[in-house]
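Shown here: data_11.pdb, PDB, C-alpha atoms and all ligand atoms.
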ATOM      1  CA  MET A   1    -179.412 -45.923  17.785
ATOM      2  CA  GLU A   2    -180.053 -45.170  14.167
ATOM      3  CA  MET A   3    -182.411 -47.509  12.318
ATOM      4  CA  THR A   4    -180.014 -47.793   9.428
ATOM      5  CA  ALA A   5    -177.369 -50.123   8.037
ATOM      6  CA  TYR A   6    -174.312 -50.075  10.265
ATOM      7  CA  THR A   7    -171.593 -49.262   7.777
ATOM      8  CA  TYR A   8    -168.147 -48.509   9.162
ATOM      9  CA  GLU A   9    -168.817 -44.810   8.698
ATOM     10  CA  VAL A  10    -172.019 -44.995  10.748
ATOM     11  CA  ILE A  11    -170.279 -47.072  13.432
ATOM     12  CA  MET A  12    -167.421 -44.610  13.846
ATOM     13  CA  ARG A  13    -169.836 -41.674  13.877
ATOM     14  CA  GLU A  14    -171.851 -43.348  16.630
ATOM     15  CA  ILE A  15    -168.678 -44.055  18.609
ATOM     16  CA  ASP A  16    -167.520 -40.441  18.252
ATOM     17  CA  ARG A  17    -170.904 -39.267  19.497
ATOM     18  CA  LEU A  18    -170.689 -41.564  22.522
ATOM     19  CA  LEU A  19    -167.156 -40.383  23.308
ATOM     20  CA  LEU A  20    -168.340 -36.783  23.170
ATOM     21  CA  PHE A  21    -171.355 -37.383  25.441
ATOM     22  CA  TYR A  22    -169.576 -39.609  27.949
ATOM     23  CA  PRO A  23    -166.009 -38.424  28.615
ATOM     24  CA  PHE A  24    -165.287 -41.399  30.904
ATOM     25  CA  LEU A  25    -165.769 -43.742  27.951
ATOM     26  CA  GLU A  26    -162.449 -44.674  26.328
ATOM     27  CA  LYS A  27    -161.643 -45.915  22.850
ATOM     28  CA  THR A  28    -158.650 -47.940  21.772
ATOM     29  CA  ALA A  29    -157.803 -49.759  18.555
ATOM     30  CA  ILE A  30    -157.156 -53.492  18.779
ATOM     31  CA  GLY A  31    -155.672 -53.659  15.275
ATOM     32  CA  SER A  32    -156.564 -53.064  11.651
ATOM     33  CA  SER A  33    -158.603 -54.866   9.031
ATOM     34  CA  VAL A  34    -157.256 -56.106   5.688
ATOM     35  CA  MET A  35    -158.275 -52.784   4.126
ATOM     36  CA  GLY A  36    -156.640 -50.818   6.930
ATOM     37  CA  LYS A  37    -159.694 -49.861   8.965
ATOM     38  CA  GLU A  38    -159.073 -49.454  12.670
ATOM     39  CA  ILE A  39    -160.935 -52.067  14.728
ATOM     40  CA  PRO A  40    -162.162 -50.108  17.753
ATOM     41  CA  ALA A  41    -162.686 -51.282  21.308
ATOM     42  CA  LEU A  42    -164.598 -49.273  23.888
ATOM     43  CA  LYS A  43    -163.682 -49.412  27.561
ATOM     44  CA  LEU A  44    -166.085 -48.696  30.366
ATOM     45  CA  GLY A  45    -165.316 -49.166  34.049
ATOM     46  CA  ASN A  46    -162.510 -49.228  36.596
ATOM     47  CA  GLY A  47    -162.965 -52.635  38.142
ATOM     48  CA  SER A  48    -160.430 -55.385  38.593
ATOM     49  CA  ARG A  49    -162.668 -57.969  36.903
ATOM     50  CA  GLN A  50    -162.463 -57.634  33.120
ATOM     51  CA  VAL A  51    -164.970 -58.891  30.581
ATOM     52  CA  CYS A  52    -165.073 -58.522  26.802
ATOM     53  CA  TYR A  53    -168.050 -58.448  24.435
ATOM     54  CA  SER A  54    -167.564 -58.631  20.673
ATOM     55  CA  GLY A  55    -169.786 -58.584  17.606
ATOM     56  CA  ALA A  56    -169.857 -58.763  13.812
ATOM     57  CA  PHE A  57    -167.208 -61.437  13.339
ATOM     58  CA  HIS A  58    -169.529 -62.349  10.487
ATOM     59  CA  ALA A  59    -170.246 -59.638   7.943
ATOM     60  CA  ASN A  60    -173.931 -60.371   7.421
ATOM     61  CA  GLU A  61    -174.538 -60.462  11.183
ATOM     62  CA  TRP A  62    -173.963 -56.717  11.492
ATOM     63  CA  ILE A  63    -177.172 -56.188  13.498
ATOM     64  CA  THR A  64    -175.032 -57.232  16.492
ATOM     65  CA  ILE A  65    -173.192 -53.892  16.158
ATOM     66  CA  PRO A  66    -176.084 -51.642  17.256
ATOM     67  CA  VAL A  67    -176.932 -54.176  19.985
ATOM     68  CA  LEU A  68    -173.484 -53.658  21.516
ATOM     69  CA  LEU A  69    -173.381 -49.894  20.909
ATOM     70  CA  GLN A  70    -176.855 -49.403  22.378
ATOM     71  CA  PHE A  71    -175.775 -51.290  25.478
ATOM     72  CA  VAL A  72    -172.640 -49.160  25.830
ATOM     73  CA  GLU A  73    -174.816 -46.062  25.604
ATOM     74  CA  ALA A  74    -177.349 -47.353  28.141
ATOM     75  CA  TYR A  75    -174.550 -48.224  30.555
ATOM     76  CA  ALA A  76    -172.752 -44.901  30.103
ATOM     77  CA  GLN A  77    -176.006 -43.015  30.533
ATOM     78  CA  ALA A  78    -176.787 -44.897  33.745
ATOM     79  CA  VAL A  79    -173.308 -44.216  35.121
ATOM     80  CA  ALA A  80    -173.545 -40.520  34.254
ATOM     81  CA  ALA A  81    -176.970 -40.178  35.856
ATOM     82  CA  GLY A  82    -176.237 -42.419  38.846
ATOM     83  CA  GLU A  83    -179.075 -44.684  37.859
ATOM     84  CA  ALA A  84    -179.690 -48.377  37.494
ATOM     85  CA  LEU A  85    -178.622 -50.344  34.440
ATOM     86  CA  TYR A  86    -181.432 -52.825  33.866
ATOM     87  CA  GLY A  87    -181.868 -53.285  37.598
ATOM     88  CA  THR A  88    -178.220 -53.099  38.635
ATOM     89  CA  ASP A  89    -176.555 -50.092  40.243
ATOM     90  CA  ALA A  90    -174.452 -48.781  37.357
ATOM     91  CA  ARG A  91    -171.819 -46.900  39.346
ATOM     92  CA  SER A  92    -171.194 -49.838  41.642
ATOM     93  CA  LEU A  93    -170.777 -52.099  38.622
ATOM     94  CA  TYR A  94    -168.458 -49.537  37.056
ATOM     95  CA  GLN A  95    -166.161 -49.721  40.098
ATOM     96  CA  GLN A  96    -166.048 -53.505  40.139
ATOM     97  CA  VAL A  97    -165.837 -54.468  36.480
ATOM     98  CA  THR A  98    -163.990 -53.195  33.419
ATOM     99  CA  LEU A  99    -166.024 -53.825  30.288
ATOM    100  CA  TYR A 100    -164.419 -53.899  26.842
ATOM    101  CA  VAL A 101    -166.682 -53.880  23.793
ATOM    102  CA  ILE A 102    -165.456 -54.664  20.279
ATOM    103  CA  PRO A 103    -168.553 -53.777  18.244
ATOM    104  CA  VAL A 104    -167.186 -54.756  14.826
ATOM    105  CA  VAL A 105    -164.499 -57.388  14.343
ATOM    106  CA  ASN A 106    -165.030 -57.486  10.556
ATOM    107  CA  PRO A 107    -165.435 -53.896   9.306
ATOM    108  CA  ASP A 108    -164.517 -54.587   5.649
ATOM    109  CA  GLY A 109    -167.008 -57.443   5.379
ATOM    110  CA  VAL A 110    -169.701 -55.330   7.001
ATOM    111  CA  ASP A 111    -169.149 -52.580   4.437
ATOM    112  CA  LEU A 112    -169.489 -55.164   1.659
ATOM    113  CA  VAL A 113    -172.806 -56.515   2.979
ATOM    114  CA  THR A 114    -174.267 -53.113   3.826
ATOM    115  CA  GLY A 115    -173.467 -51.749   0.363
ATOM    116  CA  ALA A 116    -170.902 -49.202   1.520
ATOM    117  CA  LEU A 117    -168.220 -50.986  -0.531
ATOM    118  CA  THR A 118    -169.173 -51.335  -4.203
ATOM    119  CA  GLU A 119    -165.993 -50.749  -6.162
ATOM    120  CA  GLY A 120    -162.226 -51.060  -6.132
ATOM    121  CA  ALA A 121    -159.771 -53.957  -6.103
ATOM    122  CA  TYR A 122    -161.007 -55.500  -2.835
ATOM    123  CA  TYR A 123    -164.607 -55.355  -3.993
ATOM    124  CA  GLU A 124    -163.699 -56.978  -7.319
ATOM    125  CA  GLN A 125    -161.753 -59.722  -5.564
ATOM    126  CA  ALA A 126    -164.707 -60.400  -3.255
ATOM    127  CA  ARG A 127    -167.091 -60.461  -6.206
ATOM    128  CA  GLN A 128    -164.915 -63.067  -7.917
ATOM    129  CA  ILE A 129    -164.716 -65.147  -4.740
ATOM    130  CA  GLY A 130    -168.496 -64.956  -4.536
ATOM    131  CA  ALA A 131    -168.861 -66.009  -8.174
ATOM    132  CA  ALA A 132    -167.089 -69.283  -7.363
ATOM    133  CA  TYR A 133    -169.870 -70.047  -4.851
ATOM    134  CA  PRO A 134    -172.978 -69.177  -6.883
ATOM    135  CA  GLU A 135    -175.322 -70.889  -4.417
ATOM    136  CA  ILE A 136    -174.470 -68.207  -1.818
ATOM    137  CA  PRO A 137    -176.204 -64.869  -2.501
ATOM    138  CA  PHE A 138    -173.804 -61.978  -3.032
ATOM    139  CA  PRO A 139    -173.244 -59.959  -1.003
ATOM    140  CA  ASP A 140    -176.062 -60.895   1.424
ATOM    141  CA  GLY A 141    -174.632 -64.338   2.181
ATOM    142  CA  TRP A 142    -171.151 -62.995   2.874
ATOM    143  CA  LYS A 143    -169.856 -63.814   6.365
ATOM    144  CA  ALA A 144    -166.086 -63.769   5.796
ATOM    145  CA  ASN A 145    -163.549 -60.971   5.877
ATOM    146  CA  ILE A 146    -162.953 -59.144   2.602
ATOM    147  CA  GLU A 147    -160.425 -61.791   1.469
ATOM    148  CA  GLY A 148    -162.831 -64.677   1.998
ATOM    149  CA  VAL A 149    -161.594 -65.985   5.368
ATOM    150  CA  ASP A 150    -164.178 -66.864   8.023
ATOM    151  CA  LEU A 151    -162.910 -64.980  11.074
ATOM    152  CA  ASN A 152    -164.601 -67.356  13.501
ATOM    153  CA  LEU A 153    -162.770 -70.389  12.058
ATOM    154  CA  GLN A 154    -159.320 -68.934  12.656
ATOM    155  CA  PHE A 155    -158.578 -69.635  16.297
ATOM    156  CA  PRO A 156    -156.131 -72.240  17.584
ATOM    157  CA  ALA A 157    -158.683 -74.689  19.000
ATOM    158  CA  ASP A 158    -158.493 -77.792  16.813
ATOM    159  CA  TRP A 159    -158.147 -75.592  13.710
ATOM    160  CA  GLU A 160    -156.860 -78.588  11.700
ATOM    161  CA  LEU A 161    -160.077 -80.485  12.426
ATOM    162  CA  ALA A 162    -162.132 -77.431  11.423
ATOM    163  CA  ARG A 163    -160.152 -77.339   8.182
ATOM    164  CA  GLU A 164    -160.790 -81.018   7.527
ATOM    165  CA  ILE A 165    -164.544 -80.618   8.108
ATOM    166  CA  LYS A 166    -164.899 -77.449   6.046
ATOM    167  CA  PHE A 167    -162.739 -78.813   3.218
ATOM    168  CA  SER A 168    -164.970 -81.892   3.096
ATOM    169  CA  GLN A 169    -167.967 -79.545   2.820
ATOM    170  CA  GLY A 170    -166.347 -77.940  -0.233
ATOM    171  CA  TYR A 171    -164.843 -74.782   1.285
ATOM    172  CA  ARG A 172    -161.241 -75.253   0.155
ATOM    173  CA  THR A 173    -160.510 -71.790  -1.171
ATOM    174  CA  PRO A 174    -161.418 -68.245  -0.053
ATOM    175  CA  ALA A 175    -165.201 -68.198   0.168
ATOM    176  CA  PRO A 176    -168.111 -66.041   1.340
ATOM    177  CA  ARG A 177    -168.232 -68.239   4.442
ATOM    178  CA  ASP A 178    -166.676 -71.304   6.068
ATOM    179  CA  TYR A 179    -163.143 -71.042   4.656
ATOM    180  CA  VAL A 180    -160.739 -71.485   7.585
ATOM    181  CA  GLY A 181    -157.814 -69.579   6.033
ATOM    182  CA  GLU A 182    -154.257 -70.713   5.283
ATOM    183  CA  ALA A 183    -153.271 -70.978   8.926
ATOM    184  CA  PRO A 184    -154.693 -70.138  12.364
ATOM    185  CA  LEU A 185    -154.772 -66.355  12.904
ATOM    186  CA  SER A 186    -153.709 -65.615   9.312
ATOM    187  CA  ALA A 187    -156.459 -62.970   9.058
ATOM    188  CA  PRO A 188    -155.470 -59.686  10.747
ATOM    189  CA  GLU A 189    -158.949 -59.238  12.261
ATOM    190  CA  SER A 190    -158.863 -62.599  14.079
ATOM    191  CA  ARG A 191    -155.269 -62.020  15.124
ATOM    192  CA  ALA A 192    -156.237 -58.627  16.575
ATOM    193  CA  VAL A 193    -158.951 -60.218  18.741
ATOM    194  CA  TYR A 194    -156.548 -62.967  19.790
ATOM    195  CA  GLU A 195    -153.792 -60.557  20.789
ATOM    196  CA  PHE A 196    -156.185 -58.217  22.571
ATOM    197  CA  THR A 197    -157.502 -61.186  24.549
ATOM    198  CA  ILE A 198    -154.013 -62.459  25.402
ATOM    199  CA  ALA A 199    -153.012 -58.966  26.562
ATOM    200  CA  HIS A 200    -155.924 -58.779  29.025
ATOM    201  CA  ASP A 201    -157.282 -60.881  31.829
ATOM    202  CA  PHE A 202    -160.875 -61.512  30.850
ATOM    203  CA  SER A 203    -163.011 -63.387  33.337
ATOM    204  CA  LEU A 204    -165.672 -63.901  30.669
ATOM    205  CA  ILE A 205    -166.250 -63.225  26.983
ATOM    206  CA  LEU A 206    -169.413 -62.918  24.898
ATOM    207  CA  ALA A 207    -169.196 -63.260  21.107
ATOM    208  CA  TYR A 208    -172.329 -62.035  19.352
ATOM    209  CA  HIS A 209    -173.694 -63.745  16.251
ATOM    210  CA  THR A 210    -177.195 -63.968  14.748
ATOM    211  CA  GLN A 211    -178.653 -67.322  14.026
ATOM    212  CA  GLY A 212    -181.246 -69.241  15.930
ATOM    213  CA  GLU A 213    -181.674 -67.627  19.365
ATOM    214  CA  VAL A 214    -179.374 -70.020  21.168
ATOM    215  CA  ILE A 215    -176.440 -69.858  23.540
ATOM    216  CA  TYR A 216    -173.369 -71.988  22.816
ATOM    217  CA  TRP A 217    -171.563 -72.334  26.089
ATOM    218  CA  LYS A 218    -169.148 -75.260  25.888
ATOM    219  CA  TYR A 219    -166.131 -76.251  23.854
ATOM    220  CA  LYS A 220    -166.374 -79.978  23.217
ATOM    221  CA  ASP A 221    -166.804 -81.339  26.751
ATOM    222  CA  LEU A 222    -164.919 -78.520  28.424
ATOM    223  CA  GLU A 223    -167.076 -76.730  30.922
ATOM    224  CA  PRO A 224    -165.215 -74.038  32.886
ATOM    225  CA  ALA A 225    -166.163 -73.550  36.525
ATOM    226  CA  ASP A 226    -169.424 -71.646  36.931
ATOM    227  CA  SER A 227    -170.033 -71.495  33.163
ATOM    228  CA  ARG A 228    -173.157 -73.671  33.362
ATOM    229  CA  ARG A 229    -174.728 -71.505  36.073
ATOM    230  CA  ILE A 230    -174.051 -68.333  34.102
ATOM    231  CA  ALA A 231    -175.390 -69.921  30.896
ATOM    232  CA  GLU A 232    -178.561 -70.892  32.761
ATOM    233  CA  HIS A 233    -178.909 -67.305  33.927
ATOM    234  CA  PHE A 234    -178.439 -66.006  30.362
ATOM    235  CA  SER A 235    -181.011 -68.480  29.109
ATOM    236  CA  ALA A 236    -183.514 -67.465  31.782
ATOM    237  CA  VAL A 237    -183.213 -63.731  31.114
ATOM    238  CA  SER A 238    -183.278 -64.015  27.300
ATOM    239  CA  GLY A 239    -185.410 -67.058  26.570
ATOM    240  CA  TYR A 240    -182.589 -68.367  24.373
ATOM    241  CA  ALA A 241    -181.877 -72.092  24.651
ATOM    242  CA  MET A 242    -178.551 -73.482  25.867
ATOM    243  CA  GLU A 243    -177.112 -75.761  23.214
ATOM    244  CA  ASP A 244    -173.995 -77.720  22.397
ATOM    245  CA  THR A 245    -172.215 -76.325  19.347
ATOM    246  CA  PRO A 246    -172.995 -78.462  16.261
ATOM    247  CA  TYR A 247    -170.117 -80.805  15.404
ATOM    248  CA  ALA A 248    -169.443 -79.234  11.998
ATOM    249  CA  SER A 249    -168.903 -75.772  13.480
ATOM    250  CA  GLY A 250    -167.571 -76.835  16.864
ATOM    251  CA  ASN A 251    -163.918 -75.878  16.395
ATOM    252  CA  ALA A 252    -161.609 -72.911  15.799
ATOM    253  CA  GLY A 253    -164.097 -70.293  16.995
ATOM    254  CA  TYR A 254    -163.221 -67.451  19.350
ATOM    255  CA  LYS A 255    -165.212 -68.811  22.271
ATOM    256  CA  ASP A 256    -163.798 -72.305  21.630
ATOM    257  CA  TRP A 257    -160.261 -70.997  21.910
ATOM    258  CA  PHE A 258    -161.100 -68.793  24.909
ATOM    259  CA  ILE A 259    -162.500 -71.755  26.849
ATOM    260  CA  LEU A 260    -159.605 -74.021  25.836
ATOM    261  CA  GLN A 261    -156.919 -71.448  26.592
ATOM    262  CA  PHE A 262    -158.214 -69.902  29.810
ATOM    263  CA  ASP A 263    -160.743 -72.392  31.237
ATOM    264  CA  ARG A 264    -163.112 -69.513  31.909
ATOM    265  CA  PRO A 265    -166.687 -68.876  30.771
ATOM    266  CA  GLY A 266    -166.990 -67.962  27.106
ATOM    267  CA  TYR A 267    -170.211 -67.784  25.117
ATOM    268  CA  THR A 268    -171.404 -67.482  21.565
ATOM    269  CA  ILE A 269    -174.756 -65.723  21.664
ATOM    270  CA  GLU A 270    -176.847 -66.368  18.561
ATOM    271  CA  ALA A 271    -179.317 -63.493  18.682
ATOM    272  CA  GLY A 272    -182.273 -63.240  16.351
ATOM    273  CA  TYR A 273    -183.931 -65.599  13.955
ATOM    274  CA  GLY A 274    -184.322 -65.640  10.199
ATOM    275  CA  GLU A 275    -182.156 -65.206   7.163
ATOM    276  CA  ASN A 276    -179.035 -63.068   7.534
ATOM    277  CA  PRO A 277    -178.609 -60.177   7.257
ATOM    278  CA  LEU A 278    -181.517 -59.734   9.633
ATOM    279  CA  PRO A 279    -183.488 -56.569   8.872
ATOM    280  CA  ILE A 280    -182.745 -53.620  11.154
ATOM    281  CA  GLN A 281    -186.442 -53.639  12.084
ATOM    282  CA  GLN A 282    -185.623 -56.638  14.295
ATOM    283  CA  PHE A 283    -183.206 -54.536  16.307
ATOM    284  CA  PRO A 284    -185.565 -53.366  19.099
ATOM    285  CA  GLU A 285    -186.729 -56.890  19.879
ATOM    286  CA  ILE A 286    -183.233 -58.380  19.696
ATOM    287  CA  TYR A 287    -181.889 -55.662  21.951
ATOM    288  CA  ALA A 288    -184.676 -56.154  24.484
ATOM    289  CA  ARG A 289    -183.996 -59.891  24.582
ATOM    290  CA  ASN A 290    -180.292 -59.289  25.266
ATOM    291  CA  THR A 291    -180.137 -56.595  27.942
ATOM    292  CA  GLY A 292    -180.207 -59.285  30.633
ATOM    293  CA  ILE A 293    -177.312 -61.175  29.069
ATOM    294  CA  LEU A 294    -175.263 -58.027  28.527
ATOM    295  CA  THR A 295    -175.797 -56.869  32.100
ATOM    296  CA  GLY A 296    -175.428 -60.404  33.428
ATOM    297  CA  GLY A 297    -172.022 -60.850  31.813
ATOM    298  CA  MET A 298    -170.791 -58.384  34.414
ATOM    299  CA  THR A 299    -173.027 -59.058  37.410
ATOM    300  CA  GLU A 300    -172.776 -62.840  37.192
ATOM    301  CA  ILE A 301    -169.009 -62.897  36.973
ATOM    302  CA  LEU A 302    -168.974 -61.052  40.312
ATOM    303  CA  GLN A 303    -170.941 -64.002  41.719
ATOM    304  CA  ASN A 304    -168.391 -66.489  40.420
ATOM    305  CA  PRO A 305    -167.100 -68.185  43.555
ATOM    306  CA  VAL A 306    -163.978 -69.389  41.759
ATOM    307  CA  GLU A 307    -160.878 -67.275  42.272
ATOM    308  CA  ASN A 308    -159.649 -66.793  38.717
TER     309      ASN A 308
HETATM  310 ZN    ZN A 401    -171.867 -65.830  13.047
END

Mind turning this structure into structure tokens?
Amino acid sequence: MEMTAYTYEVIMREIDRLLLFYPFLEKTAIGSSVMGKEIPALKLGNGSRQVCYSGAFHANEWITIPVLLQFVEAYAQAVAAGEALYGTDARSLYQQVTLYVIPVVNPDGVDLVTGALTEGAYYEQARQIGAAYPEIPFPDGWKANIEGVDLNLQFPADWELAREIKFSQGYRTPAPRDYVGEAPLSAPESRAVYEFTIAHDFSLILAYHTQGEVIYWKYKDLEPADSRRIAEHFSAVSGYAMEDTPYASGNAGYKDWFILQFDRPGYTIEAGYGENPLPIQQFPEIYARNTGILTGGMTEILQNPVEN
């Protein structure tokens, strides 16, 4: 991976390179961003069990993008060479599981934070939104999509309660973070993830974020079958702690909705520690801490005794 800011241009160049090197890797588009950028998904594997990993819901958490792309490359390389993927036979995994990776849910926001977007009507609108929240650094504190909607507060899992909580915290209008939007799934990026998820049959999802080195694994008191065991495995291989989602951010997230809707294991992985955006220099350590989780999302679901 390049030790550089993952602008949309860099992301698509990396994906094109991977597609060229590994012809069995497939790319689809799950939808488009507000500014019309294609939101890509990569597909790897032929198995009947499907899992989905996603990253960069939040603009200033873009370091999750190279984490996911590096894993795709490691997996593809292991399949091509007939080698092990972090201790697991890659070709066997490939036949049993189909992995989908959505490296960047929020491409417009990522371009804003990485400095790739510095002019034009959308930039000006974002700058004005930011000016209404002067306590949040611009653009470094920007988590939302380019129109100021937090893409991880958009899912139909007690969205009204999320709105009530965030309104009471002062986020009543488009904002750099924490604005829930006018309605569930009103942002095209969240809707794309929702529809892609509905259209598949995922046994497990991982949603990558970057704050605090913890694993959020429940929605309220809902605990899908086998989700605790898998969370314990993730915690053991990463050193990240299992935690309950804090009350104020415990609704309307992607993993919340996934658990509520499907009663299957869904996880928010908070990789890394420090102030977002985390410097790219943290990438090697974050990646090393997460190879066990990324591999385990596939191997552990095969151990799930529950017939989904
Ligand atoms: Zn986040």

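We find atom CA of Met242 of chain A and atom CA of Ile215 of chain A to be spaced 4.8 Å apart.
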
**OP:** Pull out every residue that the PyMOL selection byres (((chain A and resi 188) around 7) and not hetatm) matches in the shown coordinates and put them as a PyMOL selection string.
**Re:** chain A and resi 32-34+186-187+189-192

**OP:** Kindly compile the residues surrounding ligand ZN 401 (chain A) within 9 Å, counting only C-alpha atoms and all ligand atoms, and format them as JSON, numbers by chain.
**Re:** {"A": [55, 56, 57, 58, 59, 60, 61, 143, 152, 207, 208, 209, 210, 211, 268, 270]}

**OP:** Would you kindly translate the PyMOL selection byres (((chain A and resi 193) around 12) and not hetatm) into the concrete residues it picks from this file, as number ranges by chain?
**Re:** A: 29-33, 39-41, 52-55, 57, 100-106, 151-152, 154-155, 185, 187-192, 194-200, 205, 207, 253-255, 257-258

Subject >> Which of A:Leu99, A:Ser238, A:Gly296, A:Asp158 sits closest to Gln261 of chain A [using all atoms listed in the file] >> reply: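 Answer, going by the shortest atom-to-atom distance: A:Asp158.
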
Subject >> For atom CA of Tyr216 of chain A and atom CA of Gly170 of chain A, the interatomic separation in Å (one decimal) >> reply: 24.8 Å

**OP:** Just say which residues the PyMOL selection byres (((chain A and resi 289) around 10) and not hetatm) picks in this file, as a VMD selection string.
**Re:** chain A and resid 213 237 to 240 271 to 272 283 to 288 290 to 294

Original post:
Interatomic distance between atom CA of Phe167 of chain A and atom CA of Val149 of chain A?
Top reply: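 Between these atoms lies a distance of 13.1 Å.
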
**OP:** Determine, counting only C-alpha atoms, which protein, DNA and RNA residues have an atom within 7 Å of an atom of Tyr179 of chain A; residues of the same chain fewer than 5 positions away are not included. Present the result as an MDAnalysis selection string.
**Re:** chainID A and resid 148:150 166 171:174

Original post:
For Leu44 of chain A, which residue out of A:Tyr86, A:Lys27, A:Pro184, A:Thr98 is the nearest one, using all atoms listed in the file?
Top reply: A:Thr98

With all atoms of segment 145-158 of chain A from the file as input, state the centre and edge lengths in Å to one decimal of the axis-aligned box that has 8 Å extra on each side, as AutoDock Vina command-line options.
--center_x -160.4 --center_y -68.5 --center_z 10.2 --size_x 24.5 --size_y 34.6 --size_z 33.5

Subject >> Residues within 8 Å of Gly47 of chain A, all atoms listed in the file, excluding chain neighbours under 5 positions, as a list in words >> reply: Leu93, Tyr94, Gln95, Gln96, Val97 and Thr98 of chain A

Show me, as JSON lines, the residues of segment 160-278 of chain A having an atom within 9 Å of segment 136-141 of chain A, each with the closest atom pair and its distance in Å, using all atoms listed in the file.
{"residue": "A:Pro176", "atom": "CA", "partner": "A:Gly141", "partner_atom": "CA", "distance": 6.8}
{"residue": "A:Arg177", "atom": "CA", "partner": "A:Gly141", "partner_atom": "CA", "distance": 7.8}
{"residue": "A:Asn276", "atom": "CA", "partner": "A:Gly141", "partner_atom": "CA", "distance": 7.0}
{"residue": "A:Pro277", "atom": "CA", "partner": "A:Asp140", "partner_atom": "CA", "distance": 6.4}

List as a PDB file with C-alpha atoms, keeping the file's coordinate frame the protein and nucleic acid residues near segment 6-21 of chain A, meaning an atom at most 8 Å away when all atoms listed in the file are counted, but skip any in the same chain fewer than 6 places from it.
ATOM      1  CA  LYS A  27    -161.643 -45.915  22.850  1.00  0.00           C
ATOM      2  CA  TRP A  62    -173.963 -56.717  11.492  1.00  0.00           C
ATOM      3  CA  ILE A  63    -177.172 -56.188  13.498  1.00  0.00           C
ATOM      4  CA  ILE A  65    -173.192 -53.892  16.158  1.00  0.00           C
ATOM      5  CA  PRO A  66    -176.084 -51.642  17.256  1.00  0.00           C
ATOM      6  CA  LEU A  69    -173.381 -49.894  20.909  1.00  0.00           C
ATOM      7  CA  GLU A  73    -174.816 -46.062  25.604  1.00  0.00           C
ATOM      8  CA  PRO A 107    -165.435 -53.896   9.306  1.00  0.00           C
ATOM      9  CA  ASP A 108    -164.517 -54.587   5.649  1.00  0.00           C
ATOM     10  CA  VAL A 110    -169.701 -55.330   7.001  1.00  0.00           C
ATOM     11  CA  ASP A 111    -169.149 -52.580   4.437  1.00  0.00           C
ATOM     12  CA  THR A 114    -174.267 -53.113   3.826  1.00  0.00           C
ATOM     13  CA  ALA A 116    -170.902 -49.202   1.520  1.00  0.00           C
TER      14      ALA A 116
END

Subject >> Surrounding residues of Glu300 of chain A excluding itself and chain neighbours under 6 positions, 10 Å, all atoms listed in the file, as a PyMOL selection string >> reply: chain A and resi 204+226-227+229-231+233-234+293

Original post:
Tyr219 of chain A: which residues within 9 Å, counting only C-alpha atoms, same-chain residues fewer than 5 positions away excluded, as a ChimeraX atom specification?
Top reply: /A:244-245,250-251,255-257,259-260,266
